[in-house]
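Each remark here refers to the structure printed beneath this line.
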Amino acid sequence: MSNVTPKLVWPEDDYVDEAFLEDHQGPERIDYDALVMLANLPPLPEEILSRCPALPVKTRASAEYTLVLDLDETLVHCSLTPLDNATMIFPVVFQNITYQVYVRLRPHLRTFLNRMAKTFEIIIFTASKKVYANKLCDILDPRKNLIRHRLFREHCVCVYGNYVKDLTILGRDPSKTMILDNAIQSFAYQLDNGIPIESWFQDRNDTELLKLCSFFEAIPAMGRDVREILRRKYRLRDHIPFYSIIHQQEGPGRLPLLEVPPPPVAENNEEQLITQVAPKHPQMVQ
Ligand SMILES: [Mg+2]
């Protein structure tokens, strides 16, 4: 019965007055592993640079700006082991085994998706397996009026064991495309298009998605290149020695001057169903 899409009963989020929310700032600190990976970023292989976009071109009805959203630890926290306070459970068949996926929804997710879909072409881009992520998207957007397109692990580029979301696969205008992701490695090749967000596992008082609503909604009216706006706001390049010099002047390339070894290649987790990051906060470990 795994092909039946369970109906999601959205939980009520506590009311939060947006007027009293502080500006979105991104994570308090960036993982060292992420910085090492970014500082040692190799050039994209020729076969990746020359591949065709995976998405159909926009229609006249499409929103002018595109918002790419990560799933796990950005919008939801899912697990194959039982979670307290799961909003729902759904089955996924993977390699002939049925798994039960426990789902927690980040607070204010429903508001966020509804509001963003009015302004942006929304694309889910996840490093998780299609069989899991597709079903989760069906549950989150049963009428298919919020999420326009979905991209999965097969659309990522594997770099030092990280699944990187090279945005050129979208075939969209980079000056009007943003990606929201809890792992900055995910948008390593387009750092200026990225909005870093704290990983979410279970905090019911989290307001990160709500903080982003009004900021995102204001962007089209600014009429500026989103890369300029995001670069100034999040200053991600400031954390990465030499990144901006190499990537601005020569395009993506290996950085010869940094005195840190490239990160070890992570063990092959190709068969993992859900791509999860380790919780940063020990108290949040299950
Ligand atoms: Mg994620």
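How things are named: the first chain in the structure tokens is A, the next is B, and so on; residues count from 1 in each chain; ligands count from 1 in the order shown.
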Would you please give, as number ranges by chain, all residues of range 74-286 of chain A that DSSP assigns to strand (DSSP E or B) based on the backbone? A: 76-79, 88-94, 97-105, 120-125, 149-151, 157-159, 162-164, 177-181, 194-196
Can I get the selected residues back with N, CA and C atoms, as a compact mmCIF listing (two decimals), in the first residue's frame?
```
# COMPACT_ATOMS: atom_id res chain seq x y z
N VAL A 76 12.16 19.90 7.07
CA VAL A 76 11.65 18.78 7.87
C VAL A 76 12.81 18.09 8.57
N HIS A 77 12.49 17.25 9.53
CA HIS A 77 13.46 16.28 10.04
C HIS A 77 12.79 14.92 9.97
N CYS A 78 13.37 14.02 9.20
CA CYS A 78 12.81 12.68 9.03
C CYS A 78 13.81 11.64 9.52
N SER A 79 13.26 10.51 9.93
CA SER A 79 14.13 9.45 10.43
C SER A 79 13.49 8.10 10.17
N MET A 88 3.80 12.80 11.37
CA MET A 88 3.20 11.70 10.62
C MET A 88 4.25 10.63 10.33
N ILE A 89 3.76 9.50 9.89
CA ILE A 89 4.63 8.39 9.50
C ILE A 89 4.15 7.93 8.13
N PHE A 90 5.10 7.68 7.23
CA PHE A 90 4.68 7.12 5.94
C PHE A 90 5.65 6.03 5.51
N PRO A 91 5.15 5.05 4.75
CA PRO A 91 6.00 3.94 4.33
C PRO A 91 6.71 4.23 3.01
N VAL A 92 7.92 3.73 2.90
CA VAL A 92 8.67 3.80 1.64
C VAL A 92 9.26 2.42 1.38
N VAL A 93 9.10 1.93 0.16
CA VAL A 93 9.72 0.66 -0.21
C VAL A 93 11.04 0.95 -0.90
N PHE A 94 12.10 0.42 -0.36
CA PHE A 94 13.44 0.67 -0.88
C PHE A 94 14.20 -0.65 -0.87
N ILE A 97 12.45 -3.57 0.69
CA ILE A 97 12.16 -3.51 2.13
C ILE A 97 11.26 -2.31 2.37
N THR A 98 10.23 -2.48 3.18
CA THR A 98 9.37 -1.35 3.51
C THR A 98 9.89 -0.68 4.78
N TYR A 99 10.18 0.59 4.67
CA TYR A 99 10.63 1.39 5.81
C TYR A 99 9.51 2.33 6.24
N GLN A 100 9.42 2.58 7.52
CA GLN A 100 8.51 3.60 8.02
C GLN A 100 9.33 4.88 8.23
N VAL A 101 8.90 5.95 7.61
CA VAL A 101 9.61 7.22 7.74
C VAL A 101 8.84 8.10 8.73
N TYR A 102 9.52 8.50 9.78
CA TYR A 102 8.93 9.39 10.79
C TYR A 102 9.25 10.83 10.41
N VAL A 103 8.24 11.68 10.40
CA VAL A 103 8.40 13.05 9.88
C VAL A 103 8.08 14.08 10.95
N ARG A 104 9.00 14.99 11.14
CA ARG A 104 8.71 16.21 11.91
C ARG A 104 8.76 17.39 10.94
N LEU A 105 7.84 18.32 11.08
CA LEU A 105 7.81 19.50 10.22
C LEU A 105 8.38 20.69 10.97
N PHE A 120 7.46 33.00 -5.83
CA PHE A 120 8.58 32.29 -6.49
C PHE A 120 8.14 31.03 -7.21
N GLU A 121 8.95 30.65 -8.17
CA GLU A 121 8.90 29.28 -8.69
C GLU A 121 9.66 28.43 -7.66
N ILE A 122 8.98 27.53 -6.98
CA ILE A 122 9.63 26.75 -5.93
C ILE A 122 10.10 25.41 -6.48
N ILE A 123 11.38 25.12 -6.22
CA ILE A 123 11.96 23.85 -6.64
C ILE A 123 12.54 23.17 -5.41
N ILE A 124 12.12 21.96 -5.14
CA ILE A 124 12.77 21.17 -4.09
C ILE A 124 13.98 20.50 -4.70
N PHE A 125 15.14 20.67 -4.06
CA PHE A 125 16.38 20.05 -4.53
C PHE A 125 17.00 19.36 -3.32
N HIS A 149 8.91 21.96 -9.26
CA HIS A 149 9.79 20.90 -9.74
C HIS A 149 10.52 20.26 -8.56
N ARG A 150 11.01 19.05 -8.79
CA ARG A 150 11.72 18.31 -7.75
C ARG A 150 13.01 17.72 -8.33
N LEU A 151 14.09 17.91 -7.63
CA LEU A 151 15.37 17.32 -8.04
C LEU A 151 15.92 16.53 -6.86
N VAL A 157 26.07 16.55 -7.63
CA VAL A 157 27.44 16.20 -7.99
C VAL A 157 28.13 15.76 -6.71
N CYS A 158 28.80 14.62 -6.72
CA CYS A 158 29.45 14.15 -5.48
C CYS A 158 30.88 14.68 -5.43
N VAL A 159 31.17 15.49 -4.41
CA VAL A 159 32.49 16.10 -4.24
C VAL A 159 32.98 15.79 -2.83
N ASN A 162 30.42 14.75 -0.47
CA ASN A 162 29.27 15.64 -0.27
C ASN A 162 28.43 15.67 -1.53
N TYR A 163 27.13 15.68 -1.36
CA TYR A 163 26.25 15.85 -2.51
C TYR A 163 26.06 17.34 -2.76
N VAL A 164 26.63 17.84 -3.85
CA VAL A 164 26.59 19.27 -4.15
C VAL A 164 25.52 19.53 -5.20
N THR A 177 17.88 33.48 -8.90
CA THR A 177 17.72 32.15 -8.31
C THR A 177 18.40 32.11 -6.94
N MET A 178 17.69 31.60 -5.95
CA MET A 178 18.25 31.48 -4.60
C MET A 178 18.06 30.05 -4.11
N ILE A 179 18.97 29.60 -3.24
CA ILE A 179 18.82 28.27 -2.66
C ILE A 179 18.93 28.37 -1.13
N LEU A 180 17.96 27.78 -0.46
CA LEU A 180 17.94 27.74 1.01
C LEU A 180 18.32 26.34 1.45
N ASP A 181 19.42 26.24 2.22
CA ASP A 181 19.93 24.91 2.57
C ASP A 181 20.67 24.99 3.91
N GLY A 194 23.26 31.36 -2.22
CA GLY A 194 22.78 30.57 -1.10
C GLY A 194 22.37 31.35 0.13
N ILE A 195 21.36 30.82 0.79
CA ILE A 195 20.94 31.32 2.09
C ILE A 195 21.18 30.18 3.07
N PRO A 196 22.15 30.34 3.98
CA PRO A 196 22.40 29.27 4.95
C PRO A 196 21.37 29.34 6.07
```
Quick one: residues within 7 Å of ligand 1, with only C-alpha atoms and all ligand atoms, as a PDB file with N, CA and C atoms, in the first residue's frame?
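What ended up in out23.pdb:
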```pdb
ATOM      1  N   ASP A  70      16.022  23.038   0.048  1.00  0.00           N
ATOM      2  CA  ASP A  70      16.468  21.738   0.530  1.00  0.00           C
ATOM      3  C   ASP A  70      15.330  21.153   1.388  1.00  0.00           C
ATOM      4  N   LEU A  71      15.341  19.860   1.582  1.00  0.00           N
ATOM      5  CA  LEU A  71      14.303  19.243   2.430  1.00  0.00           C
ATOM      6  C   LEU A  71      14.785  18.970   3.856  1.00  0.00           C
ATOM      7  N   ASP A  72      15.706  18.002   3.972  1.00  0.00           N
ATOM      8  CA  ASP A  72      16.061  17.483   5.291  1.00  0.00           C
ATOM      9  C   ASP A  72      16.871  18.476   6.126  1.00  0.00           C
ATOM     10  N   GLU A  73      16.377  18.673   7.328  1.00  0.00           N
ATOM     11  CA  GLU A  73      16.953  19.615   8.303  1.00  0.00           C
ATOM     12  C   GLU A  73      16.835  21.079   7.869  1.00  0.00           C
ATOM     13  N   THR A  74      16.170  21.323   6.743  1.00  0.00           N
ATOM     14  CA  THR A  74      15.829  22.694   6.356  1.00  0.00           C
ATOM     15  C   THR A  74      14.323  22.905   6.517  1.00  0.00           C
ATOM     16  N   ASP A 181      19.420  26.237   2.217  1.00  0.00           N
ATOM     17  CA  ASP A 181      19.931  24.905   2.573  1.00  0.00           C
ATOM     18  C   ASP A 181      20.669  24.987   3.910  1.00  0.00           C
ATOM     19  N   ASN A 182      20.512  23.938   4.728  1.00  0.00           N
ATOM     20  CA  ASN A 182      21.209  23.933   6.022  1.00  0.00           C
ATOM     21  C   ASN A 182      22.683  23.552   5.880  1.00  0.00           C
ATOM     22  N   ALA A 183      23.074  23.019   4.726  1.00  0.00           N
ATOM     23  CA  ALA A 183      24.483  22.651   4.503  1.00  0.00           C
ATOM     24  C   ALA A 183      25.062  23.552   3.421  1.00  0.00           C
ATOM     25  N   GLN A 276      21.130  12.791   5.935  1.00  0.00           N
ATOM     26  CA  GLN A 276      21.002  13.570   7.165  1.00  0.00           C
ATOM     27  C   GLN A 276      22.360  14.088   7.605  1.00  0.00           C
ATOM     28  N   VAL A 277      22.334  15.237   8.234  1.00  0.00           N
ATOM     29  CA  VAL A 277      23.557  15.753   8.828  1.00  0.00           C
ATOM     30  C   VAL A 277      23.539  15.406  10.304  1.00  0.00           C
TER      31      VAL A 277
END
```
To one decimal place, how far is CA of Arg153 in chain A from CA of Pro6 in chain A in Å?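 Spanning CA of Arg153 in chain A to CA of Pro6 in chain A is a straight-line distance of 23.3 Å.
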Using only C-alpha atoms: which of A:Gln272, A:Ser175, A:Thr126, A:Gln25 has the shortest distance to His155 in chain A: A:Thr126
DSSP-assigned helix (DSSP H, G or I) among range 168-258 of chain A, expressed as a PyMOL selection string: chain A and resi 168-170+174-176+184-193+208-222+226-234+236-239+243-249
Next, write the just-selected residues to a file, as a PDB file, in the first residue's frame, keeping C-alpha atoms as the atom set.
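In the end it all went to out_0.pdb:
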```pdb
ATOM      1  CA  THR A 168      23.303  25.261 -13.478  1.00  0.00           C
ATOM      2  CA  ILE A 169      21.273  22.050 -13.774  1.00  0.00           C
ATOM      3  CA  LEU A 170      18.168  24.190 -13.260  1.00  0.00           C
ATOM      4  CA  PRO A 174      21.392  32.856 -11.768  1.00  0.00           C
ATOM      5  CA  SER A 175      20.653  36.505 -10.969  1.00  0.00           C
ATOM      6  CA  LYS A 176      17.107  35.484 -10.019  1.00  0.00           C
ATOM      7  CA  ILE A 184      26.530  25.322   2.764  1.00  0.00           C
ATOM      8  CA  GLN A 185      28.497  22.622   0.953  1.00  0.00           C
ATOM      9  CA  SER A 186      25.288  22.006  -0.974  1.00  0.00           C
ATOM     10  CA  PHE A 187      25.666  25.253  -2.884  1.00  0.00           C
ATOM     11  CA  ALA A 188      29.451  25.243  -2.966  1.00  0.00           C
ATOM     12  CA  TYR A 189      29.645  26.201  -6.642  1.00  0.00           C
ATOM     13  CA  GLN A 190      27.185  29.077  -6.318  1.00  0.00           C
ATOM     14  CA  LEU A 191      27.928  30.408  -2.853  1.00  0.00           C
ATOM     15  CA  ASP A 192      26.419  33.816  -3.613  1.00  0.00           C
ATOM     16  CA  ASN A 193      23.063  32.267  -4.476  1.00  0.00           C
ATOM     17  CA  GLU A 208      13.801  30.678  10.993  1.00  0.00           C
ATOM     18  CA  LEU A 209      11.301  30.033   8.198  1.00  0.00           C
ATOM     19  CA  LEU A 210       9.052  32.811   9.399  1.00  0.00           C
ATOM     20  CA  LYS A 211      11.984  35.223   9.619  1.00  0.00           C
ATOM     21  CA  LEU A 212      12.770  34.504   5.988  1.00  0.00           C
ATOM     22  CA  CYS A 213       9.261  35.160   4.654  1.00  0.00           C
ATOM     23  CA  SER A 214       9.327  38.932   4.551  1.00  0.00           C
ATOM     24  CA  PHE A 215      12.987  39.029   3.450  1.00  0.00           C
ATOM     25  CA  PHE A 216      12.305  36.757   0.486  1.00  0.00           C
ATOM     26  CA  GLU A 217       9.086  38.543  -0.431  1.00  0.00           C
ATOM     27  CA  ALA A 218      10.946  41.843  -0.673  1.00  0.00           C
ATOM     28  CA  ILE A 219      13.632  40.577  -3.058  1.00  0.00           C
ATOM     29  CA  PRO A 220      11.842  40.808  -6.447  1.00  0.00           C
ATOM     30  CA  ALA A 221      10.938  44.450  -5.809  1.00  0.00           C
ATOM     31  CA  MET A 222      14.600  45.301  -5.171  1.00  0.00           C
ATOM     32  CA  VAL A 226      20.151  38.214  -5.852  1.00  0.00           C
ATOM     33  CA  ARG A 227      23.837  37.257  -5.630  1.00  0.00           C
ATOM     34  CA  GLU A 228      24.722  40.813  -4.718  1.00  0.00           C
ATOM     35  CA  ILE A 229      22.003  40.923  -2.047  1.00  0.00           C
ATOM     36  CA  LEU A 230      22.855  37.543  -0.500  1.00  0.00           C
ATOM     37  CA  ARG A 231      26.591  38.055  -0.637  1.00  0.00           C
ATOM     38  CA  ARG A 232      26.323  41.252   1.373  1.00  0.00           C
ATOM     39  CA  LYS A 233      23.841  39.854   3.828  1.00  0.00           C
ATOM     40  CA  TYR A 234      25.454  36.501   4.687  1.00  0.00           C
ATOM     41  CA  LEU A 236      29.896  33.530   3.371  1.00  0.00           C
ATOM     42  CA  ARG A 237      32.991  34.273   1.321  1.00  0.00           C
ATOM     43  CA  ASP A 238      34.541  36.004   4.300  1.00  0.00           C
ATOM     44  CA  HIS A 239      34.874  32.629   6.015  1.00  0.00           C
ATOM     45  CA  TYR A 243      37.604  31.354  -2.268  1.00  0.00           C
ATOM     46  CA  SER A 244      36.502  34.666  -3.656  1.00  0.00           C
ATOM     47  CA  ILE A 245      39.771  35.420  -5.461  1.00  0.00           C
ATOM     48  CA  ILE A 246      39.916  32.114  -7.283  1.00  0.00           C
ATOM     49  CA  HIS A 247      36.253  31.820  -8.009  1.00  0.00           C
ATOM     50  CA  GLN A 248      35.774  35.367  -9.188  1.00  0.00           C
ATOM     51  CA  GLN A 249      38.803  35.657 -11.395  1.00  0.00           C
TER      52      GLN A 249
END
```
Compile the contact shell of Leu8 in chain A as a PyMOL selection string: residues with an atom at most 9 Å away, counting only C-alpha atoms, same-chain residues fewer than 5 positions apart removed. chain A and resi 87-88+139-140+142
What does the file look like for those residues with C-alpha atoms, as an mmCIF file, in the first residue's frame?
```cif
data_model
loop_
_atom_site.group_PDB
_atom_site.id
_atom_site.type_symbol
_atom_site.label_atom_id
_atom_site.label_comp_id
_atom_site.auth_asym_id
_atom_site.auth_seq_id
_atom_site.Cartn_x
_atom_site.Cartn_y
_atom_site.Cartn_z
ATOM 1 C CA THR A 87 3.694 14.700 12.837
ATOM 2 C CA MET A 88 3.202 11.696 10.620
ATOM 3 C CA ILE A 139 2.436 14.657 1.179
ATOM 4 C CA LEU A 140 3.526 18.275 1.655
ATOM 5 C CA PRO A 142 -0.889 17.044 -2.501
#
```
Pick out the closest residue to Gly223 in chain A from this set: A:Glu47, A:Asp33, A:Glu12, A:Glu64. Count only C-alpha atoms.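 Closest residue, counting only C-alpha atoms: A:Glu64.
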